[in-house]
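In what follows, a single structure is set out as structure tokens and then discussed.
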Amino acid sequence: MRSIVKTKPTFLVILLYLLATAGVVTPAYARFVLPPPCRNAFTPGREIVEGKKAAADIYKTMPMLPDSSPVTQYIQQLGAKLVQYAPGYQWPYSFHVVNEADINAFALPGGPVFVNLGTIQAAETEAQLAGVMAHEISHVVMRHATCNLTKQQGQAQWWALGQLAANIFIPGAGGELAAEGVGAAAGMTFLKMGRDAEKQADLLGVNILYDAGYDPRGLPQFFEVIQGKYGSGGAQFLSDHPNPGNRTEYVNAEIETLPPREHWVKTTPEFQKIKKLVSGMHAYSAKEIANGAWKGRGAHTPAADTQPVQFQPSGRWTALDGSWFSVQYPENWQASDKAGAGATIAPPHGLAATDTDNSAVIYGVMIDDFHPQHGAGLATATQQLIETLQQHNRGLKAVTGIDDVRVNQRDGKSVEFVNQGASASGEDERDWLVTVARDDNSLSYLIFVAPQKDFEALRPTFEQILRTFRVKS
């Protein structure tokens with residue numbers, strides 16, 4: 001039996017081993033490590049409850065796009081994609097769009113994330129917009145807001161509990177503080193982050209972007225976009241999210257630590273579609289929000305300072321091929337459609353975002369379908385549609401009878417209305433409804449919209465759009 005003698009490996013053996021294994025060593029990449037938890041008077045459960053209360057108060061006191069808005073739905077889908085890569089506690093994230101022109105975004109404790117319409121309008125790529133949202137998600141992950149609130153009070157923990165919603169002071173709503181932070185949305189001082197918190201949110205945000213497949217350079221690019229447009233302190237976002245110093249440098253340094261990839265997502269067709277839609281939407285200024293100018297406006301009424309609408313057609317036409325219809329419209333107008341859910345076509349600035357209807361039409365045409373009660377014929381179905389429209393537009397009064405028309409070999413009905421006080425200036429709006437019979441006994445319909453004073457100038461354009469309208473089934 002041989003004895004086993006243990007010997008120390010020689011330098012030559014070690015060297016040969018290192019050379020043999022050098023080609024298979026996987027490089028180690030550094031990743032941002034979450035900082036230790038802060039002192040926090042809120043349990044996660046309490047933080048979620050109070051965050052929801054604060055979000056409800058914002059909905060009562062700020063102009064918001066509804067969940068039915070295609071803009072909100074897009075932001076919700078983008079947010080859902082990003083939070084799959086958010087580490088730590090699984091907060092019940094939700095995403096909302098504030099109808100405000102300032103470039104800003106903020107996150108409430110427990111998961112609600114708010115993005116201003118102005119931010120979506122300013123972003124040049126989906127990676128940039130995703131970067132802003134990843135930054136806000138990171139504040140939620142690291143509980144920066146309730147950490148701030150606990151630190152600010154500096155008293156017994158019982159004081160902080162239940163005080164989150166009480167710290168929201170909305171300008172123009174009898175609040176105790178002037179607009180400060182979060183884009184004039186509220187004087188929520190606990191949402192004004194320190195530089196350490198901002199750096200942490202930048203670094204974690206870059207990692208979330210990377211893990212979600214986006215070009216992580218989108219985050220520093222967005223800072224560069226708004227700095228180029230507004231200067232170092234001109235945008236509300238930069239005021240609420242102070243530069244910790246050398247922001248671009250340390251973000252780029254973090255990106256260099258991540259494994260390289262051949263393909264990044266920089267933008268998407270969905271982003272381009274939403275960008276086209278929001279480019280024609282009016283968002284309220286901080287001043288309008290502060291003085292409550294947005295309150296009580298009808299679904300078709302934009303703010304008084306909306307940009308002039310250049311509604312004259314260019315003379316060239318383009319086609320929109322929807323899932324159940326096709327139509328042509330002036331090339332200098334803009335069209336947005338949702339699969340199976342109609343379309344809106346309007347000249348630039350012909351749409352207004354309001355607190356009740358994100359796609360309120362000032363000038364243009366809405367296309368949709370309507371399913372009447374079982375067995376209703378064309379005339380009865382049209383009457384049911386009119387009653388439905390009048391329920392949602394109390395000022396809508398018919399000024400013509402319901403006439404028979406033909407729309408590309410299909411039976412239809414035509415009726416015109418005055419929508420009292422619904423135009424941008426508070427004057428009357430003219431609406432022209434045309435219904436078209438479909439093979440399944442439902443209706444397709446078009447509503448042509450313009451202020452009363454401009455409707456006749458637009459009538460030839462509206463008539464040409466109608467002549468090109470075709471139902472596919």
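Chain labels A, B, ... are given in the sequence in which chains occur in the structure tokens; within each chain residues are numbered consecutively from 1, and ligands are likewise numbered from 1 in the order shown.
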
- Message: I need the residues in stretch 25-175 of chain A that are strand (DSSP E) according to DSSP; give them as a VMD selection string.
- Response: chain A and resid 94 to 98 105 to 107 112 to 116

- Message: Show me, as a ChimeraX atom specification, the residues that have an atom within 8 Å of stretch 137-153 of chain A when counting only C-alpha atoms, minus same-chain residues fewer than 2 positions from it.
- Response: /A:34-35,37-42,47,83,86-89,91,107-111,113,133-135,155,157,159-160,164,190-191,193,197,200-202,204-205

Mind dumping the selected residues with C-alpha atoms as a PDB file, in the first residue's frame?
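Once everything was written out, this is selection_19.pdb:
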```pdb
ATOM      1  CA  LEU A  34     -28.797  48.534  -2.572  1.00  0.00           C
ATOM      2  CA  PRO A  35     -27.778  50.667   0.423  1.00  0.00           C
ATOM      3  CA  PRO A  37     -32.266  50.309   4.951  1.00  0.00           C
ATOM      4  CA  CYS A  38     -32.805  53.732   6.479  1.00  0.00           C
ATOM      5  CA  ARG A  39     -34.520  54.433   9.750  1.00  0.00           C
ATOM      6  CA  ASN A  40     -38.180  54.354   8.754  1.00  0.00           C
ATOM      7  CA  ALA A  41     -41.286  54.863  10.882  1.00  0.00           C
ATOM      8  CA  PHE A  42     -43.473  53.150   8.267  1.00  0.00           C
ATOM      9  CA  GLU A  47     -46.518  52.747   3.479  1.00  0.00           C
ATOM     10  CA  VAL A  83     -40.958  46.738 -12.488  1.00  0.00           C
ATOM     11  CA  ALA A  86     -37.060  46.142  -9.690  1.00  0.00           C
ATOM     12  CA  PRO A  87     -35.274  44.424  -6.785  1.00  0.00           C
ATOM     13  CA  GLY A  88     -36.337  44.162  -3.186  1.00  0.00           C
ATOM     14  CA  TYR A  89     -39.845  44.298  -1.775  1.00  0.00           C
ATOM     15  CA  TRP A  91     -44.501  46.937  -4.059  1.00  0.00           C
ATOM     16  CA  ALA A 107     -43.156  58.513  -7.088  1.00  0.00           C
ATOM     17  CA  LEU A 108     -45.258  58.210  -3.955  1.00  0.00           C
ATOM     18  CA  PRO A 109     -44.425  55.731  -1.212  1.00  0.00           C
ATOM     19  CA  GLY A 110     -45.678  52.227  -1.790  1.00  0.00           C
ATOM     20  CA  GLY A 111     -45.655  52.241  -5.580  1.00  0.00           C
ATOM     21  CA  VAL A 113     -45.601  56.632 -10.039  1.00  0.00           C
ATOM     22  CA  MET A 133     -39.575  55.909 -14.950  1.00  0.00           C
ATOM     23  CA  ALA A 134     -36.824  53.530 -13.801  1.00  0.00           C
ATOM     24  CA  HIS A 135     -35.378  56.388 -11.760  1.00  0.00           C
ATOM     25  CA  GLN A 155     -40.039  62.941  16.621  1.00  0.00           C
ATOM     26  CA  GLN A 157     -42.637  57.292  15.281  1.00  0.00           C
ATOM     27  CA  TRP A 159     -46.226  61.194  14.613  1.00  0.00           C
ATOM     28  CA  ALA A 160     -45.144  60.041  11.146  1.00  0.00           C
ATOM     29  CA  LEU A 164     -48.334  61.090   4.570  1.00  0.00           C
ATOM     30  CA  PHE A 190     -40.617  64.583   1.557  1.00  0.00           C
ATOM     31  CA  LEU A 191     -40.495  63.954  -2.217  1.00  0.00           C
ATOM     32  CA  MET A 193     -34.764  64.144  -2.722  1.00  0.00           C
ATOM     33  CA  ALA A 197     -30.875  59.622  -2.875  1.00  0.00           C
ATOM     34  CA  GLN A 200     -28.772  55.993  -5.751  1.00  0.00           C
ATOM     35  CA  ALA A 201     -31.889  56.272  -7.939  1.00  0.00           C
ATOM     36  CA  ASP A 202     -29.733  57.075 -10.973  1.00  0.00           C
ATOM     37  CA  LEU A 204     -30.317  51.579  -9.715  1.00  0.00           C
ATOM     38  CA  GLY A 205     -32.365  53.074 -12.558  1.00  0.00           C
TER      39      GLY A 205
END
```

- Query: Please, what distance in Å, to one decimal, runs between atom CA of A:Pro348 and atom CA of A:Ala283?
  - Reply: 14.0 Å

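The shell of residues at most 10 Å from A:Phe370, with only C-alpha atoms counted and near chain neighbours (fewer than 5 positions) removed, consists of Ala381, Thr382, Gln384, Leu385, Thr435, Asn441, Ser442, Leu443, Ser444 and Tyr445 of chain A.
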
Who sits within 12 Å of A:Gln128, only C-alpha atoms, same chain under 2 positions skipped, as a PDB file with N, CA and C atoms, in the first residue's frame:
```
ATOM      1  N   LEU A  78     -45.472  50.229 -20.127  1.00  0.00           N
ATOM      2  CA  LEU A  78     -44.032  50.430 -20.000  1.00  0.00           C
ATOM      3  C   LEU A  78     -43.598  50.242 -18.553  1.00  0.00           C
ATOM      4  N   THR A 119     -43.281  65.447 -19.866  1.00  0.00           N
ATOM      5  CA  THR A 119     -42.131  64.542 -19.910  1.00  0.00           C
ATOM      6  C   THR A 119     -42.221  63.638 -21.134  1.00  0.00           C
ATOM      7  N   ILE A 120     -43.413  63.123 -21.403  1.00  0.00           N
ATOM      8  CA  ILE A 120     -43.609  62.253 -22.565  1.00  0.00           C
ATOM      9  C   ILE A 120     -43.380  63.040 -23.842  1.00  0.00           C
ATOM     10  N   GLN A 121     -43.845  64.293 -23.858  1.00  0.00           N
ATOM     11  CA  GLN A 121     -43.652  65.138 -25.035  1.00  0.00           C
ATOM     12  C   GLN A 121     -42.177  65.452 -25.257  1.00  0.00           C
ATOM     13  N   ALA A 122     -41.386  65.529 -24.186  1.00  0.00           N
ATOM     14  CA  ALA A 122     -39.970  65.914 -24.303  1.00  0.00           C
ATOM     15  C   ALA A 122     -39.065  64.743 -24.658  1.00  0.00           C
ATOM     16  N   ALA A 123     -39.421  63.529 -24.242  1.00  0.00           N
ATOM     17  CA  ALA A 123     -38.553  62.382 -24.488  1.00  0.00           C
ATOM     18  C   ALA A 123     -38.401  62.134 -25.981  1.00  0.00           C
ATOM     19  N   GLU A 124     -37.186  61.828 -26.399  1.00  0.00           N
ATOM     20  CA  GLU A 124     -36.907  61.588 -27.816  1.00  0.00           C
ATOM     21  C   GLU A 124     -36.895  60.109 -28.170  1.00  0.00           C
ATOM     22  N   THR A 125     -36.717  59.238 -27.173  1.00  0.00           N
ATOM     23  CA  THR A 125     -36.721  57.792 -27.412  1.00  0.00           C
ATOM     24  C   THR A 125     -37.437  57.118 -26.251  1.00  0.00           C
ATOM     25  N   GLU A 126     -37.846  55.882 -26.462  1.00  0.00           N
ATOM     26  CA  GLU A 126     -38.478  55.139 -25.373  1.00  0.00           C
ATOM     27  C   GLU A 126     -37.474  54.859 -24.271  1.00  0.00           C
ATOM     28  N   ALA A 130     -38.225  55.531 -20.470  1.00  0.00           N
ATOM     29  CA  ALA A 130     -38.077  54.412 -19.542  1.00  0.00           C
ATOM     30  C   ALA A 130     -37.047  54.734 -18.463  1.00  0.00           C
ATOM     31  N   GLY A 131     -36.014  55.495 -18.823  1.00  0.00           N
ATOM     32  CA  GLY A 131     -35.009  55.880 -17.839  1.00  0.00           C
ATOM     33  C   GLY A 131     -35.586  56.738 -16.731  1.00  0.00           C
ATOM     34  N   VAL A 132     -36.431  57.708 -17.097  1.00  0.00           N
ATOM     35  CA  VAL A 132     -37.095  58.543 -16.091  1.00  0.00           C
ATOM     36  C   VAL A 132     -37.939  57.677 -15.165  1.00  0.00           C
ATOM     37  N   MET A 133     -38.697  56.749 -15.756  1.00  0.00           N
ATOM     38  CA  MET A 133     -39.575  55.909 -14.950  1.00  0.00           C
ATOM     39  C   MET A 133     -38.779  54.937 -14.080  1.00  0.00           C
ATOM     40  N   ALA A 134     -37.675  54.409 -14.603  1.00  0.00           N
ATOM     41  CA  ALA A 134     -36.824  53.530 -13.801  1.00  0.00           C
ATOM     42  C   ALA A 134     -36.223  54.286 -12.622  1.00  0.00           C
ATOM     43  N   HIS A 135     -35.893  55.547 -12.837  1.00  0.00           N
ATOM     44  CA  HIS A 135     -35.378  56.388 -11.760  1.00  0.00           C
ATOM     45  C   HIS A 135     -36.425  56.511 -10.654  1.00  0.00           C
ATOM     46  N   GLY A 205     -31.573  52.896 -11.347  1.00  0.00           N
ATOM     47  CA  GLY A 205     -32.365  53.074 -12.558  1.00  0.00           C
ATOM     48  C   GLY A 205     -31.642  52.589 -13.797  1.00  0.00           C
ATOM     49  N   VAL A 206     -30.349  52.846 -13.880  1.00  0.00           N
ATOM     50  CA  VAL A 206     -29.548  52.359 -15.007  1.00  0.00           C
ATOM     51  C   VAL A 206     -29.565  50.834 -15.055  1.00  0.00           C
ATOM     52  N   LEU A 209     -32.965  49.630 -16.288  1.00  0.00           N
ATOM     53  CA  LEU A 209     -33.018  49.831 -17.738  1.00  0.00           C
ATOM     54  C   LEU A 209     -32.268  48.720 -18.468  1.00  0.00           C
ATOM     55  N   TYR A 214     -33.235  47.831 -22.348  1.00  0.00           N
ATOM     56  CA  TYR A 214     -33.116  49.159 -22.940  1.00  0.00           C
ATOM     57  C   TYR A 214     -31.669  49.643 -22.930  1.00  0.00           C
ATOM     58  N   ASP A 215     -31.397  50.557 -23.825  1.00  0.00           N
ATOM     59  CA  ASP A 215     -30.102  51.220 -23.835  1.00  0.00           C
ATOM     60  C   ASP A 215     -29.991  52.031 -22.548  1.00  0.00           C
ATOM     61  N   PRO A 216     -29.116  51.656 -21.617  1.00  0.00           N
ATOM     62  CA  PRO A 216     -29.067  52.370 -20.334  1.00  0.00           C
ATOM     63  C   PRO A 216     -28.606  53.806 -20.469  1.00  0.00           C
ATOM     64  N   ARG A 217     -28.053  54.156 -21.633  1.00  0.00           N
ATOM     65  CA  ARG A 217     -27.650  55.550 -21.848  1.00  0.00           C
ATOM     66  C   ARG A 217     -28.850  56.464 -22.011  1.00  0.00           C
ATOM     67  N   GLY A 218     -30.055  55.871 -22.102  1.00  0.00           N
ATOM     68  CA  GLY A 218     -31.255  56.692 -22.206  1.00  0.00           C
ATOM     69  C   GLY A 218     -31.436  57.616 -21.022  1.00  0.00           C
ATOM     70  N   LEU A 219     -31.040  57.158 -19.814  1.00  0.00           N
ATOM     71  CA  LEU A 219     -31.210  57.998 -18.631  1.00  0.00           C
ATOM     72  C   LEU A 219     -30.343  59.253 -18.686  1.00  0.00           C
ATOM     73  N   PRO A 220     -29.018  59.132 -18.863  1.00  0.00           N
ATOM     74  CA  PRO A 220     -28.233  60.375 -18.956  1.00  0.00           C
ATOM     75  C   PRO A 220     -28.596  61.203 -20.185  1.00  0.00           C
ATOM     76  N   GLN A 221     -29.035  60.561 -21.251  1.00  0.00           N
ATOM     77  CA  GLN A 221     -29.444  61.323 -22.441  1.00  0.00           C
ATOM     78  C   GLN A 221     -30.635  62.207 -22.145  1.00  0.00           C
ATOM     79  N   PHE A 222     -31.563  61.725 -21.326  1.00  0.00           N
ATOM     80  CA  PHE A 222     -32.734  62.543 -21.003  1.00  0.00           C
ATOM     81  C   PHE A 222     -32.325  63.767 -20.190  1.00  0.00           C
ATOM     82  N   PHE A 223     -31.413  63.588 -19.253  1.00  0.00           N
ATOM     83  CA  PHE A 223     -30.915  64.744 -18.514  1.00  0.00           C
ATOM     84  C   PHE A 223     -30.273  65.754 -19.465  1.00  0.00           C
ATOM     85  N   GLU A 224     -29.554  65.258 -20.441  1.00  0.00           N
ATOM     86  CA  GLU A 224     -28.918  66.154 -21.407  1.00  0.00           C
ATOM     87  C   GLU A 224     -29.956  66.884 -22.252  1.00  0.00           C
ATOM     88  N   VAL A 225     -31.043  66.178 -22.616  1.00  0.00           N
ATOM     89  CA  VAL A 225     -32.107  66.800 -23.416  1.00  0.00           C
ATOM     90  C   VAL A 225     -32.722  67.971 -22.671  1.00  0.00           C
ATOM     91  N   ILE A 226     -33.094  67.765 -21.414  1.00  0.00           N
ATOM     92  CA  ILE A 226     -33.774  68.843 -20.692  1.00  0.00           C
ATOM     93  C   ILE A 226     -32.802  69.940 -20.270  1.00  0.00           C
ATOM     94  N   VAL A 265     -32.627  48.184 -26.944  1.00  0.00           N
ATOM     95  CA  VAL A 265     -33.877  48.825 -27.351  1.00  0.00           C
ATOM     96  C   VAL A 265     -33.728  50.320 -27.087  1.00  0.00           C
ATOM     97  N   LYS A 266     -33.779  51.094 -28.144  1.00  0.00           N
ATOM     98  CA  LYS A 266     -33.730  52.546 -27.992  1.00  0.00           C
ATOM     99  C   LYS A 266     -35.116  53.159 -28.121  1.00  0.00           C
ATOM    100  N   THR A 267     -35.881  52.687 -29.091  1.00  0.00           N
ATOM    101  CA  THR A 267     -37.242  53.180 -29.241  1.00  0.00           C
ATOM    102  C   THR A 267     -38.080  52.075 -29.869  1.00  0.00           C
ATOM    103  N   THR A 268     -39.394  52.291 -29.924  1.00  0.00           N
ATOM    104  CA  THR A 268     -40.322  51.273 -30.413  1.00  0.00           C
ATOM    105  C   THR A 268     -41.404  51.945 -31.249  1.00  0.00           C
ATOM    106  N   PHE A 271     -43.870  53.703 -28.983  1.00  0.00           N
ATOM    107  CA  PHE A 271     -43.448  55.028 -28.519  1.00  0.00           C
ATOM    108  C   PHE A 271     -43.675  56.072 -29.601  1.00  0.00           C
TER     109      PHE A 271
END
```

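The environment of A:Leu258 within 12 Å, counting only C-alpha atoms and disregarding residues fewer than 3 places along the same chain, consists of Pro27, Ala28, Tyr29, Ala30, Arg31, Phe32, Leu203, Val206, Asn207, Ile208, Leu209, Tyr210, Asp211, Asp215, Pro216, Arg217, Val251, Asn252, Ala253, Glu254, Ile255 and Arg261 of chain A.
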
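Considering the residues A:Ala56, A:Ile48, A:Leu129, A:Ala376 and counting only C-alpha atoms, A:Ala105 has its shortest atom-to-atom contact with A:Leu129.
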
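The shortest atom-to-atom distance to A:Lys287, with only C-alpha atoms taken into account, belongs to A:Ala101 out of A:Ile465, A:Ala101, A:Leu389, A:Ile362.
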
- Message: If I take atom CA of A:Gln420 and atom CA of A:Pro451, how far is one from the other in Å, to one decimal?
- Response: 10.1 Å

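Across the model, the gap from atom CA of A:Gln383 to atom CA of A:Ser414 is 11.0 Å.
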
- Task: Find the residues around stretch 317-324 of chain A up to 8 Å (only C-alpha atoms counted), leave out those fewer than 2 positions away in its own chain, and share them as a VMD selection string.
- Result: chain A and resid 314 to 315 326 to 331 335 337 339 to 340 342 471 to 473

- Query: Which of these residues is nearest to A:Leu351, using only C-alpha atoms: A:Gln409, A:Ser279, A:Ser94, A:Asn246?
  - Reply: A:Ser279
